[in-house]
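Colleague: Coordinates in work-v4.txt, compact mmCIF, C-alpha atoms, are listed below.
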# COMPACT_ATOMS: atom_id res chain seq x y z
CA MET A 1 39.31 -23.39 -10.38
CA LEU A 2 43.00 -24.24 -10.90
CA ALA A 3 43.34 -25.30 -7.28
CA ILE A 4 40.23 -27.43 -7.60
CA GLN A 5 41.57 -29.05 -10.77
CA ALA A 6 44.88 -29.84 -9.05
CA GLN A 7 43.20 -31.24 -5.98
CA TYR A 8 40.86 -33.39 -8.07
CA LYS A 9 43.83 -34.80 -9.96
CA GLU A 10 45.62 -35.53 -6.70
CA LEU A 11 42.63 -37.34 -5.17
CA LEU A 12 41.96 -39.26 -8.37
CA SER A 13 45.53 -40.46 -8.72
CA GLN A 14 45.50 -41.54 -5.06
CA TYR A 15 42.39 -43.55 -5.80
CA LEU A 16 43.87 -45.11 -8.93
CA LYS A 17 46.87 -46.19 -6.88
CA HIS A 18 44.86 -47.51 -3.93
CA GLN A 19 41.18 -48.16 -4.39
CA THR A 20 40.37 -47.91 -0.71
CA GLU A 21 37.16 -46.82 0.99
CA ARG A 22 39.11 -43.99 2.52
CA ASN A 23 40.20 -42.58 -0.83
CA LEU A 24 36.66 -42.84 -2.12
CA TYR A 25 35.46 -41.10 1.01
CA LEU A 26 37.90 -38.22 0.44
CA GLY A 27 36.45 -37.87 -3.06
CA GLN A 28 32.92 -37.84 -1.65
CA ASN A 29 33.80 -35.05 0.77
CA PHE A 30 35.39 -33.07 -2.01
CA SER A 31 32.29 -33.52 -4.20
CA ARG A 32 30.18 -31.60 -1.66
CA LEU A 33 32.39 -28.58 -2.22
CA PHE A 34 31.74 -28.89 -5.97
CA VAL A 35 27.98 -28.65 -5.50
CA ARG A 36 28.36 -25.77 -3.04
CA LYS A 37 30.57 -23.87 -5.48
CA ASN A 38 27.99 -24.35 -8.23
CA ILE A 39 30.36 -26.35 -10.41
CA THR A 40 28.15 -27.96 -13.05
CA PRO A 41 28.17 -31.72 -13.79
CA GLU A 42 29.59 -31.08 -17.27
CA GLU A 43 32.44 -29.14 -15.69
CA VAL A 44 33.14 -32.12 -13.43
CA ILE A 45 33.40 -34.37 -16.49
CA SER A 46 35.86 -32.00 -18.11
CA ILE A 47 37.87 -31.70 -14.86
CA HIS A 48 37.96 -35.49 -14.76
CA LYS A 49 39.03 -35.74 -18.40
CA LYS A 50 41.75 -33.14 -17.95
CA ALA A 51 43.07 -34.91 -14.84
CA LEU A 52 43.40 -38.16 -16.79
CA GLU A 53 45.11 -36.35 -19.68
CA GLU A 54 47.63 -34.81 -17.31
CA MET A 55 48.57 -38.15 -15.78
CA ASP A 56 51.38 -40.15 -17.31
CA ALA A 57 50.69 -43.44 -19.03
CA VAL A 58 47.17 -44.12 -17.86
CA THR A 59 46.07 -47.62 -18.76
CA SER A 60 42.62 -48.36 -20.06
CA ALA A 61 41.97 -50.38 -16.89
CA GLU A 62 42.74 -47.28 -14.85
CA ILE A 63 40.42 -45.18 -16.96
CA PHE A 64 37.77 -47.76 -16.25
CA THR A 65 38.45 -47.57 -12.52
CA SER A 66 38.43 -43.77 -12.60
CA PHE A 67 34.71 -43.92 -13.37
CA GLU A 68 34.06 -45.29 -9.88
CA PHE A 69 35.64 -42.14 -8.49
CA LEU A 70 33.62 -39.95 -10.86
CA THR A 71 30.43 -41.73 -9.82
CA GLU A 72 30.98 -40.57 -6.22
CA PHE A 73 30.74 -37.01 -7.53
CA MET A 74 27.63 -37.68 -9.54
CA ILE A 75 25.90 -39.09 -6.44
CA GLN A 76 26.26 -35.68 -4.83
CA TYR A 77 24.60 -34.05 -7.84
CA GLY A 78 21.85 -36.63 -7.68
CA LEU A 79 21.18 -35.66 -4.07
CA ALA A 80 21.13 -31.97 -4.99
CA LEU A 81 18.65 -32.70 -7.76
CA ARG A 82 16.43 -34.58 -5.33
CA ASP A 83 16.52 -31.65 -2.85
CA HIS A 84 15.71 -29.30 -5.68
CA LYS A 85 12.67 -31.38 -6.65
CA ILE A 86 11.43 -31.42 -3.05
CA LEU A 87 11.79 -27.63 -2.89
CA LEU A 88 9.88 -27.26 -6.14
CA GLU A 89 7.08 -29.41 -4.76
CA GLN A 90 6.97 -27.37 -1.56
CA GLN A 91 6.94 -24.17 -3.58
CA GLU A 92 4.07 -25.51 -5.64
CA GLU A 93 2.14 -26.33 -2.46
CA MET A 94 2.74 -22.86 -1.07
CA LYS A 95 1.67 -21.25 -4.30
CA HIS A 96 -1.52 -23.25 -4.13
CA GLU A 97 -2.14 -22.14 -0.52
CA ILE A 98 -1.62 -18.51 -1.49
CA GLU A 99 -4.00 -18.87 -4.42
CA LEU A 100 -6.63 -20.26 -2.05
CA ALA A 101 -6.02 -17.41 0.42
CA ALA A 102 -6.32 -14.89 -2.41
CA LYS A 103 -9.64 -16.47 -3.39
CA VAL A 104 -10.90 -16.26 0.19
CA GLN A 105 -9.83 -12.63 0.27
CA ASN A 106 -11.62 -11.89 -2.98
CA THR A 107 -14.82 -13.31 -1.55
CA MET A 108 -14.55 -12.03 2.01
CA LEU A 109 -13.07 -8.62 1.26
CA ARG A 110 -14.80 -7.88 -2.00
CA THR A 111 -15.62 -4.22 -2.39
CA GLU A 112 -19.26 -3.66 -3.03
CA SER A 113 -19.93 -0.46 -4.85
CA ALA A 114 -22.62 1.88 -3.62
CA ASN A 115 -25.33 3.96 -5.17
CA LEU A 116 -26.45 7.41 -4.30
CA ASP A 117 -28.35 9.74 -6.62
CA GLY A 118 -26.22 12.60 -7.82
CA ILE A 119 -22.95 10.87 -6.99
CA ASP A 120 -20.71 8.88 -9.28
CA ILE A 121 -18.16 6.43 -7.90
CA GLY A 122 -15.01 4.86 -9.30
CA TYR A 123 -12.39 2.73 -7.63
CA LEU A 124 -9.47 0.49 -8.43
CA SER A 125 -7.28 -1.59 -6.14
CA LYS A 126 -4.37 -3.58 -7.57
CA PRO A 127 -2.12 -5.66 -5.31
CA ALA A 128 1.63 -5.75 -6.03
CA GLY A 129 1.56 -9.51 -5.38
CA GLN A 130 -1.32 -11.94 -5.15
CA MET A 131 -2.77 -10.69 -1.88
CA ASN A 132 -3.94 -7.14 -1.34
CA GLY A 133 -3.00 -5.10 1.75
CA ASP A 134 -5.24 -2.25 0.60
CA TYR A 135 -8.99 -2.18 0.99
CA VAL A 136 -11.83 -0.02 -0.32
CA TYR A 137 -15.19 0.01 1.39
CA PHE A 138 -18.41 1.68 0.35
CA GLN A 139 -21.63 1.85 2.22
CA SER A 140 -25.00 3.08 1.09
CA ASP A 141 -28.60 2.41 2.08
CA ASP A 142 -31.89 4.15 1.46
CA THR A 143 -30.78 7.31 3.28
CA ASP A 144 -29.06 10.38 1.86
CA TYR A 145 -25.65 9.21 3.04
CA LEU A 146 -22.76 7.45 1.41
CA GLY A 147 -19.80 6.07 3.37
CA VAL A 148 -16.38 5.48 1.84
CA GLY A 149 -13.30 4.02 3.48
CA VAL A 150 -9.82 3.33 2.14
CA ALA A 151 -7.36 1.42 4.32
CA ASP A 152 -3.79 0.19 3.99
CA VAL A 153 -2.17 -2.38 6.28
CA VAL A 154 1.56 -2.22 6.89
CA GLY A 155 3.34 -4.71 4.70
CA LYS A 156 1.89 -6.81 1.97
CA GLY A 157 0.70 -10.33 1.37
CA ILE A 158 -1.19 -12.73 3.61
CA PRO A 159 -0.64 -11.08 7.06
CA ALA A 160 -1.83 -7.75 5.66
CA ALA A 161 -4.91 -9.30 4.11
CA LEU A 162 -5.80 -11.12 7.33
CA CYS A 163 -5.59 -7.86 9.29
CA MET A 164 -7.85 -6.16 6.82
CA SER A 165 -10.75 -8.44 7.65
CA MET A 166 -10.86 -6.66 11.04
CA VAL A 167 -11.56 -3.37 9.29
CA LYS A 168 -14.27 -4.85 7.12
CA ASN A 169 -15.98 -6.59 10.04
CA GLY A 170 -15.75 -3.43 12.12
CA LEU A 171 -17.31 -1.29 9.42
CA ASP A 172 -20.01 -3.88 8.74
CA THR A 173 -20.82 -3.95 12.43
CA LEU A 174 -21.03 -0.15 12.64
CA GLY A 175 -23.49 -0.58 9.84
CA GLN A 176 -25.02 2.82 9.32
CA THR A 177 -24.11 5.20 6.53
CA ASN A 178 -24.81 8.26 8.65
CA ILE A 179 -22.17 7.32 11.21
CA SER A 180 -19.61 10.02 12.01
CA PRO A 181 -16.23 9.27 10.36
CA ALA A 182 -14.29 10.21 13.52
CA TYR A 183 -16.45 7.87 15.60
CA ALA A 184 -15.98 5.09 13.04
CA LEU A 185 -12.19 5.44 13.38
CA ASP A 186 -12.41 5.60 17.20
CA VAL A 187 -14.21 2.25 17.19
CA LEU A 188 -12.00 0.64 14.54
CA ASN A 189 -8.90 1.69 16.45
CA ARG A 190 -10.19 0.01 19.60
CA ILE A 191 -10.81 -3.20 17.65
CA VAL A 192 -7.46 -3.14 15.84
CA VAL A 193 -5.27 -2.19 18.81
CA LYS A 194 -6.42 -5.28 20.69
CA SER A 195 -5.55 -7.76 18.01
CA ILE A 196 -2.48 -6.47 16.24
CA ALA A 197 1.25 -7.14 16.73
CA ASP A 198 3.58 -4.35 17.89
CA HIS A 199 5.00 -3.63 14.46
CA MET A 200 1.66 -3.73 12.66
CA PHE A 201 -0.80 -0.93 12.07
CA ILE A 202 -3.40 0.21 9.59
CA SER A 203 -3.78 3.62 8.00
CA MET A 204 -7.28 4.57 7.05
CA PHE A 205 -9.28 7.40 5.56
CA TYR A 206 -13.01 7.41 6.16
CA GLY A 207 -15.47 9.83 4.62
CA ARG A 208 -19.21 10.34 4.61
CA TYR A 209 -21.13 12.28 2.01
CA ASP A 210 -24.48 13.80 2.86
CA ASN A 211 -26.58 14.33 -0.23
CA GLU A 212 -28.91 16.74 1.48
CA THR A 213 -26.27 19.24 2.53
CA SER A 214 -23.63 18.24 -0.10
CA LEU A 215 -21.16 18.04 2.78
CA PHE A 216 -18.29 15.58 2.67
CA THR A 217 -17.10 14.86 6.21
CA TYR A 218 -13.87 12.98 6.71
CA ALA A 219 -11.36 11.71 9.25
CA SER A 220 -7.95 10.19 8.79
CA ALA A 221 -6.05 7.63 10.84
CA GLY A 222 -2.52 8.30 9.64
CA HIS A 223 -3.58 7.95 6.03
CA GLU A 224 -2.24 9.71 2.96
CA PRO A 225 -4.37 12.91 2.65
CA ALA A 226 -7.15 12.62 0.09
CA LEU A 227 -7.42 15.21 -2.67
CA TYR A 228 -10.35 17.52 -3.17
CA TYR A 229 -10.78 18.87 -6.68
CA ASN A 230 -12.63 22.16 -6.96
CA SER A 231 -13.97 22.15 -10.47
CA GLU A 232 -14.83 25.87 -10.57
CA GLU A 233 -11.27 26.87 -9.65
CA GLN A 234 -9.79 23.85 -11.45
CA LYS A 235 -7.58 23.35 -8.44
CA PHE A 236 -6.63 20.47 -6.13
CA TYR A 237 -6.51 20.75 -2.33
CA ASP A 238 -5.18 18.29 0.24
CA LEU A 239 -7.80 17.17 2.74
CA ASP A 240 -5.33 17.35 5.61
CA GLN A 241 -7.39 19.07 8.29
CA ALA A 242 -8.13 15.88 10.20
CA ASN A 243 -4.88 13.95 10.52
CA GLY A 244 -4.97 11.47 13.35
CA LEU A 245 -2.84 8.59 14.56
CA LEU A 246 -2.57 5.28 12.69
CA LEU A 247 -4.99 2.54 13.80
CA GLY A 248 -3.52 0.04 16.23
CA ILE A 249 -0.84 2.13 17.97
CA LEU A 250 -2.53 3.41 21.14
CA PRO A 251 -5.77 2.25 22.77
CA ASP A 252 -7.63 5.53 23.33
CA VAL A 253 -7.48 7.80 20.36
CA HIS A 254 -10.10 10.35 19.43
CA TYR A 255 -10.09 11.36 15.83
CA LEU A 256 -10.89 14.77 14.40
CA GLU A 257 -13.15 15.58 11.48
CA GLY A 258 -12.96 17.93 8.56
CA ASN A 259 -15.73 19.11 6.21
CA ILE A 260 -15.90 20.22 2.65
CA GLU A 261 -18.94 21.22 0.62
CA LEU A 262 -19.03 19.61 -2.81
CA LYS A 263 -20.37 21.49 -5.82
CA GLN A 264 -21.20 20.11 -9.23
CA ASN A 265 -18.27 18.23 -10.84
CA ASP A 266 -16.17 18.42 -7.68
CA LEU A 267 -14.17 15.31 -6.86
CA ILE A 268 -12.79 13.56 -3.80
CA ILE A 269 -9.82 11.35 -4.64
CA ILE A 270 -8.70 8.91 -1.96
CA MET A 271 -5.53 6.89 -2.44
CA THR A 272 -2.93 4.75 -0.70
CA ASP A 273 0.83 5.23 -0.61
CA GLY A 274 1.13 2.81 -3.53
CA VAL A 275 0.05 5.85 -5.54
CA THR A 276 1.99 8.64 -3.85
CA GLU A 277 5.18 6.60 -3.55
CA CYS A 278 5.40 5.61 -7.20
CA ARG A 279 9.01 5.77 -8.35
CA THR A 280 10.66 5.86 -11.75
CA ASP A 281 13.39 3.39 -12.69
CA GLU A 282 15.87 6.08 -11.63
CA GLU A 283 14.34 6.08 -8.14
CA ARG A 284 12.68 9.47 -8.56
CA PHE A 285 9.45 9.81 -6.61
CA LEU A 286 6.21 11.00 -8.12
CA THR A 287 5.57 14.58 -7.02
CA ARG A 288 2.18 15.81 -5.92
CA GLU A 289 2.19 18.17 -8.92
CA GLU A 290 2.72 15.29 -11.32
CA LEU A 291 -0.05 13.28 -9.71
CA THR A 292 -2.57 16.13 -9.90
CA GLU A 293 -1.46 16.82 -13.47
CA PHE A 294 -2.13 13.19 -14.45
CA ILE A 295 -5.54 13.38 -12.81
CA PHE A 296 -6.33 16.73 -14.38
CA GLU A 297 -5.59 15.35 -17.87
CA VAL A 298 -8.53 12.95 -17.49
CA ILE A 299 -10.66 14.98 -15.08
CA ASP A 300 -13.72 14.93 -17.36
CA GLU A 301 -13.84 11.16 -17.60
CA PRO A 302 -16.42 9.34 -15.49
CA PRO A 303 -14.78 8.24 -12.19
CA GLU A 304 -14.75 4.57 -13.15
CA GLN A 305 -12.76 5.39 -16.26
CA LEU A 306 -10.69 8.08 -14.55
CA VAL A 307 -9.18 5.72 -11.98
CA ARG A 308 -8.16 3.32 -14.75
CA SER A 309 -6.61 6.10 -16.84
CA VAL A 310 -4.59 7.38 -13.86
CA TYR A 311 -3.49 3.83 -13.03
CA ARG A 312 -2.28 3.28 -16.60
CA ARG A 313 -0.43 6.60 -16.54
CA LEU A 314 1.29 5.71 -13.27
CA GLU A 315 2.10 2.22 -14.53
CA LYS A 316 4.04 3.90 -17.29
CA PHE A 317 5.65 6.36 -14.85
CA GLN A 318 7.11 3.49 -12.82
CA SER A 319 8.00 1.50 -15.96
CA PHE A 320 5.40 -1.17 -15.16
CA HIS A 321 7.22 -2.13 -11.99
CA GLN A 322 4.56 -1.89 -9.28
CA ARG A 323 6.23 -2.10 -5.86
CA ASP A 324 3.29 -1.62 -3.56
CA ASP A 325 -0.43 -2.27 -3.48
CA PHE A 326 -2.16 0.49 -5.41
CA THR A 327 -5.59 1.93 -4.62
CA LEU A 328 -7.58 4.86 -5.94
CA ALA A 329 -11.18 5.70 -5.05
CA VAL A 330 -13.02 8.65 -6.53
CA ILE A 331 -16.38 10.15 -5.79
CA LYS A 332 -17.81 12.85 -7.98
CA LYS A 333 -20.77 15.11 -7.43
CA LEU A 334 -22.82 15.17 -10.62
CA MET B 335 20.00 -1.49 -1.19
CA GLU B 336 22.15 -2.01 1.86
CA LEU B 337 21.35 -0.69 5.31
CA THR B 338 23.99 0.11 7.87
CA VAL B 339 23.22 0.48 11.55
CA ASN B 340 25.78 1.93 13.89
CA ILE B 341 24.99 1.69 17.60
CA LYS B 342 27.03 3.88 19.93
CA SER B 343 26.73 4.44 23.67
CA GLU B 344 27.11 8.19 24.19
CA ASN B 345 27.06 7.81 27.96
CA GLU B 346 25.54 5.39 30.44
CA ASN B 347 22.07 6.85 29.93
CA GLN B 348 21.96 7.36 26.19
CA VAL B 349 22.45 5.28 23.07
CA VAL B 350 22.68 6.81 19.60
CA ILE B 351 21.71 4.57 16.70
CA ALA B 352 22.81 5.95 13.34
CA ILE B 353 21.01 4.38 10.39
CA ALA B 354 22.02 4.79 6.76
CA GLY B 355 20.23 3.52 3.66
CA GLU B 356 16.62 2.77 2.79
CA ILE B 357 14.29 1.21 5.32
CA ASP B 358 11.85 -0.94 3.39
CA ALA B 359 10.44 -4.47 3.38
CA HIS B 360 13.88 -5.84 2.47
CA THR B 361 15.94 -4.05 5.09
CA ALA B 362 13.36 -3.76 7.89
CA PRO B 363 14.03 -7.26 9.30
CA GLN B 364 17.73 -6.38 9.66
CA LEU B 365 16.91 -3.13 11.44
CA ARG B 366 14.44 -4.93 13.74
CA GLU B 367 17.16 -7.42 14.59
CA GLU B 368 19.74 -4.71 15.35
CA LEU B 369 17.31 -2.64 17.45
CA PHE B 370 16.36 -5.77 19.34
CA GLY B 371 19.94 -5.88 20.59
CA VAL B 372 19.62 -2.46 22.26
CA ASP B 373 19.06 -2.94 25.96
CA LEU B 374 16.35 -0.36 26.67
CA ASN B 375 16.20 -1.46 30.30
CA SER B 376 19.59 -0.03 31.14
CA ILE B 377 19.30 3.38 29.42
CA GLN B 378 16.98 6.36 29.60
CA GLU B 379 17.11 7.48 26.01
CA ALA B 380 17.58 5.90 22.60
CA VAL B 381 18.17 8.34 19.74
CA LEU B 382 17.64 7.12 16.20
CA ASP B 383 19.66 9.27 13.83
CA LEU B 384 17.92 9.12 10.44
CA SER B 385 20.07 11.78 8.70
CA ASN B 386 21.21 9.23 6.13
CA VAL B 387 17.88 7.54 5.55
CA GLY B 388 16.51 8.63 2.17
CA TYR B 389 13.41 6.51 2.16
CA MET B 390 11.25 4.65 4.62
CA ASP B 391 8.12 2.68 3.81
CA SER B 392 5.37 1.47 6.12
CA THR B 393 7.34 -1.65 7.06
CA GLY B 394 10.10 0.65 8.30
CA ILE B 395 7.58 2.67 10.29
CA GLY B 396 6.41 -0.63 11.80
CA VAL B 397 9.93 -1.34 13.10
CA ILE B 398 10.20 2.15 14.59
CA VAL B 399 6.77 1.87 16.20
CA ALA B 400 7.66 -1.51 17.74
CA PHE B 401 10.91 -0.01 19.09
CA TYR B 402 8.99 2.97 20.50
CA LYS B 403 6.45 0.67 22.20
CA ASN B 404 9.29 -1.39 23.61
CA GLY B 405 10.78 1.86 24.95
CA ILE B 406 7.52 2.76 26.70
CA ALA B 407 7.36 -0.69 28.28
CA LYS B 408 10.89 -0.28 29.60
CA ASN B 409 10.71 3.37 30.65
CA SER B 410 13.11 4.55 28.03
CA GLU B 411 12.44 7.40 25.63
CA VAL B 412 12.87 6.84 21.90
CA LYS B 413 13.73 9.94 19.87
CA LEU B 414 14.12 10.38 16.13
CA VAL B 415 16.53 13.01 14.78
CA GLY B 416 17.79 14.14 11.38
CA LEU B 417 14.56 13.57 9.48
CA SER B 418 14.47 14.69 5.84
CA PRO B 419 11.39 16.73 4.84
CA ARG B 420 10.01 13.61 3.17
CA LEU B 421 10.38 11.56 6.36
CA LYS B 422 9.05 14.39 8.51
CA ARG B 423 5.93 14.52 6.33
CA LEU B 424 5.54 10.75 6.76
CA PHE B 425 5.64 11.03 10.55
CA ASP B 426 3.24 13.99 10.48
CA ILE B 427 0.69 12.28 8.25
CA THR B 428 0.76 9.08 10.29
CA GLY B 429 0.20 11.10 13.46
CA LEU B 430 3.34 9.55 14.94
CA SER B 431 5.09 12.90 15.39
CA GLY B 432 2.35 13.61 17.93
CA ILE B 433 3.54 10.79 20.19
CA ILE B 434 7.20 10.27 19.27
CA HIS B 435 9.74 13.07 19.61
CA VAL B 436 10.99 13.87 16.10
CA GLU B 437 13.49 16.48 14.92
CA GLU B 438 14.10 17.59 11.37
CA ALA B 439 17.61 17.67 9.94
Kindly return the structure encoded in the file as structure tokens.

Modeller:
Amino acid sequence: MLAIQAQYKELLSQYLKHQTERNLYLGQNFSRLFVRKNITPEEVISIHKKALEEMDAVTSAEIFTSFEFLTEFMIQYGLALRDHKILLEQQEEMKHEIELAAKVQNTMLRTESANLDGIDIGYLSKPAGQMNGDYVYFQSDDTDYLGVGVADVVGKGIPAALCMSMVKNGLDTLGQTNISPAYALDVLNRIVVKSIADHMFISMFYGRYDNETSLFTYASAGHEPALYYNSEEQKFYDLDQANGLLLGILPDVHYLEGNIELKQNDLIIIMTDGVTECRTDEERFLTREELTEFIFEVIDEPPEQLVRSVYRRLEKFQSFHQRDDFTLAVIKKL
Amino acid sequence: MELTVNIKSENENQVVIAIAGEIDAHTAPQLREELFGVDLNSIQEAVLDLSNVGYMDSTGIGVIVAFYKNGIAKNSEVKLVGLSPRLKRLFDITGLSGIIHVEEA
């Protein structure tokens, strides 16, 4: 700052001696540095004042002339202000575009809940920003089957949401609730791999519940393992018997399936990494034990309420600083 | 958090890329940029040393996957070494350890 003060004084006194275009131009060049260094306009005024004070025997005519020099500086700030306004306008426009995109997403990728006698469903999906890179899909018809899918696209925001429409369209096209989860993932992978960039992929868990046999059949494309809660043992198990590759990496992937028989009050809890990678302010990750403990505390709540209770608990765990899209889907055998 | 990437040619066939820090949405573009500079055409093997990577999110996986695919296209093998248990689990769950060579620390 001292060097700047000295240089300002030097340029100003040059200008007071010779009011040439060149001296004014030197001031103009110097003023750009002021803006770049984040020197505020009020600081410029005080630098100006101090420079005049330090000069010997300044006449009032010279003080008057010195304002011309000071004006050169203010012009630079005026330009910066104009740029700032343009940026604000552009930001406003972008915000508007994102709001529109979020609305389209809410319509196009709205999760429709499903109904099946003897099964209770709860789900919650909260984006970290405006657009959601997670997606929950349910499918039911007049058969004994219920389909449930949870997917997570790499990254967040608009690109993630656009990718997700592929999953929804794929599942809608497959159409039937009795479809095998592994086959569903085989097909989705073929769709996704054709239309996705090299660094993009989707992780997905797909399950099908058969009311007649009480069997929950599932397959996973690189997704966080779902939890199975055995109510008789009061214990949680990872559904990790059918881990397959992420969607969109290789063209010909055949997924495996796992099965689990659900008894009364058993739960299947499907989530995305926004849940398992919750961190405290001190950067400590949520452990699996903590997660199952939080779920167990509210295990008797109806699924719709349970997912909200767990979300609130995890909000607190990460001090209300949600870093990633967060999704929980629960199905419970009544 | 800062990410440091140190690229070293071990010999004419192999490059070792030592990464330190967290690979997330903020640092992934930097890593992508640095890996882009590795000439996979002229080597047979690129080893990513992740010993000093404490955390990687899906964006980070995306960068690794793109690098791996680039390796396939150019006949160069991409290997990952020094994975923490947390990272190893990530590569197991995503099925990537089935197609990319990974070694635990």

Colleague: I need the residue nearest chain A from this list: B:Ala352, B:Val399, B:Val372, B:Ala362. Use all atoms listed in the file for the distance.

Modeller: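 Among B:Ala352, B:Val399, B:Val372, B:Ala362, it is B:Val399 that comes nearest to chain A.
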
Colleague: I'd like to know which of A:His223, A:Thr327, A:Leu239, A:Glu293 is closest to chain B, using all atoms listed in the file.

Modeller: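 Among the listed residues, A:His223 lies closest to chain B.
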
Colleague: Restricting the calculation to all atoms listed in the file, which member of A:Leu262, A:Ala329, A:Ile63, A:Leu52 is positioned closest to Phe138 in chain A?

Modeller: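 For Phe138 in chain A, the nearest of the candidates is A:Ala329.
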
Colleague: Identify which of the residues B:Ile341, B:Leu384, B:Val415, B:Ala359 lies closest to chain A, counting all atoms listed in the file when measuring atom-to-atom distances.

Modeller: B:Ala359

Colleague: CA of Lys332 in chain A and CA of Asp266 in chain A, how far apart in Å?

Modeller: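 If I compute the distance from CA of Asp266 in chain A to CA of Lys332 in chain A, I get 5.8 Å.
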
Colleague: Could you jot down the CA of Gln322 in chain A to CA of Ala128 in chain A separation for me, Å, one decimal place?

Modeller: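 Interatomic distance, CA of Gln322 in chain A to CA of Ala128 in chain A: 5.8 Å.
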
Colleague: Rank nothing, just name the residue among A:Tyr228, A:Phe34, A:Tyr25, A:Tyr183 nearest to Ile268 in chain A, using all atoms listed in the file.

Modeller: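 Result for the nearest residue to Ile268 in chain A: A:Tyr228.
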
Colleague: What separation in Å, quoted to one decimal, exists between CA of Ser46 in chain A and CA of Ile4 in chain A?

Modeller: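 Computed distance, CA of Ser46 in chain A to CA of Ile4 in chain A, equals 12.3 Å.
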
Colleague: Got a sec: who's within 8 Å of Ala114 in chain A, counting only C-alpha atoms, leaving out chain neighbours fewer than 6 positions off, as a list of chain:residue names?

Modeller: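 What passes the distance filter is A:Ile121, A:Phe138, A:Gln139, A:Ser140, A:Leu146.
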
Colleague: Please produce an output containing C-alpha atoms for each residue in the selection, written as an mmCIF file, in the frame of the given file.

Modeller:
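Once everything was written out, this is part-v6.cif:
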data_model
loop_
_atom_site.group_PDB
_atom_site.id
_atom_site.type_symbol
_atom_site.label_atom_id
_atom_site.label_comp_id
_atom_site.auth_asym_id
_atom_site.auth_seq_id
_atom_site.Cartn_x
_atom_site.Cartn_y
_atom_site.Cartn_z
ATOM 1 C CA ILE A 121 -18.160 6.430 -7.900
ATOM 2 C CA PHE A 138 -18.410 1.680 0.350
ATOM 3 C CA GLN A 139 -21.630 1.850 2.220
ATOM 4 C CA SER A 140 -25.000 3.080 1.090
ATOM 5 C CA LEU A 146 -22.760 7.450 1.410
#

Colleague: Fewer than 2 positions away in the same chain doesn't count, so skip those; otherwise give me all residues within 8 Å of Thr338 in chain B, counting only C-alpha atoms, as a ChimeraX atom specification.

Modeller: /B:336,340,353-355

Colleague: Could you write range 387-396 of chain B as an mmCIF file, keeping the file's coordinate frame, with N, CA, C and O atoms rebuilt where they are missing?

Modeller:
data_model
loop_
_atom_site.group_PDB
_atom_site.id
_atom_site.type_symbol
_atom_site.label_atom_id
_atom_site.label_comp_id
_atom_site.auth_asym_id
_atom_site.auth_seq_id
_atom_site.Cartn_x
_atom_site.Cartn_y
_atom_site.Cartn_z
ATOM 1 N N VAL B 387 18.943 8.417 6.047
ATOM 2 C CA VAL B 387 17.880 7.540 5.550
ATOM 3 C C VAL B 387 17.090 8.328 4.507
ATOM 4 O O VAL B 387 16.435 9.313 4.824
ATOM 5 N N GLY B 388 17.175 7.901 3.255
ATOM 6 C CA GLY B 388 16.510 8.630 2.170
ATOM 7 C C GLY B 388 15.064 8.239 2.025
ATOM 8 O O GLY B 388 14.221 9.026 1.611
ATOM 9 N N TYR B 389 14.762 7.003 2.400
ATOM 10 C CA TYR B 389 13.410 6.510 2.160
ATOM 11 C C TYR B 389 13.016 5.516 3.244
ATOM 12 O O TYR B 389 13.832 4.726 3.715
ATOM 13 N N MET B 390 11.768 5.607 3.667
ATOM 14 C CA MET B 390 11.250 4.650 4.620
ATOM 15 C C MET B 390 9.833 4.302 4.212
ATOM 16 O O MET B 390 9.041 5.209 3.939
ATOM 17 N N ASP B 391 9.501 3.025 4.137
ATOM 18 C CA ASP B 391 8.120 2.680 3.810
ATOM 19 C C ASP B 391 7.397 2.247 5.080
ATOM 20 O O ASP B 391 7.941 2.347 6.180
ATOM 21 N N SER B 392 6.172 1.758 4.930
ATOM 22 C CA SER B 392 5.370 1.470 6.120
ATOM 23 C C SER B 392 5.978 0.333 6.947
ATOM 24 O O SER B 392 5.815 0.306 8.165
ATOM 25 N N THR B 393 6.691 -0.581 6.298
ATOM 26 C CA THR B 393 7.340 -1.650 7.060
ATOM 27 C C THR B 393 8.385 -1.057 8.001
ATOM 28 O O THR B 393 8.539 -1.498 9.144
ATOM 29 N N GLY B 394 9.095 -0.041 7.498
ATOM 30 C CA GLY B 394 10.100 0.650 8.300
ATOM 31 C C GLY B 394 9.458 1.354 9.479
ATOM 32 O O GLY B 394 9.950 1.300 10.613
ATOM 33 N N ILE B 395 8.319 2.012 9.211
ATOM 34 C CA ILE B 395 7.580 2.670 10.290
ATOM 35 C C ILE B 395 7.193 1.642 11.352
ATOM 36 O O ILE B 395 7.265 1.899 12.549
ATOM 37 N N GLY B 396 6.800 0.443 10.885
ATOM 38 C CA GLY B 396 6.410 -0.630 11.800
ATOM 39 C C GLY B 396 7.543 -0.966 12.769
ATOM 40 O O GLY B 396 7.309 -1.151 13.962
#
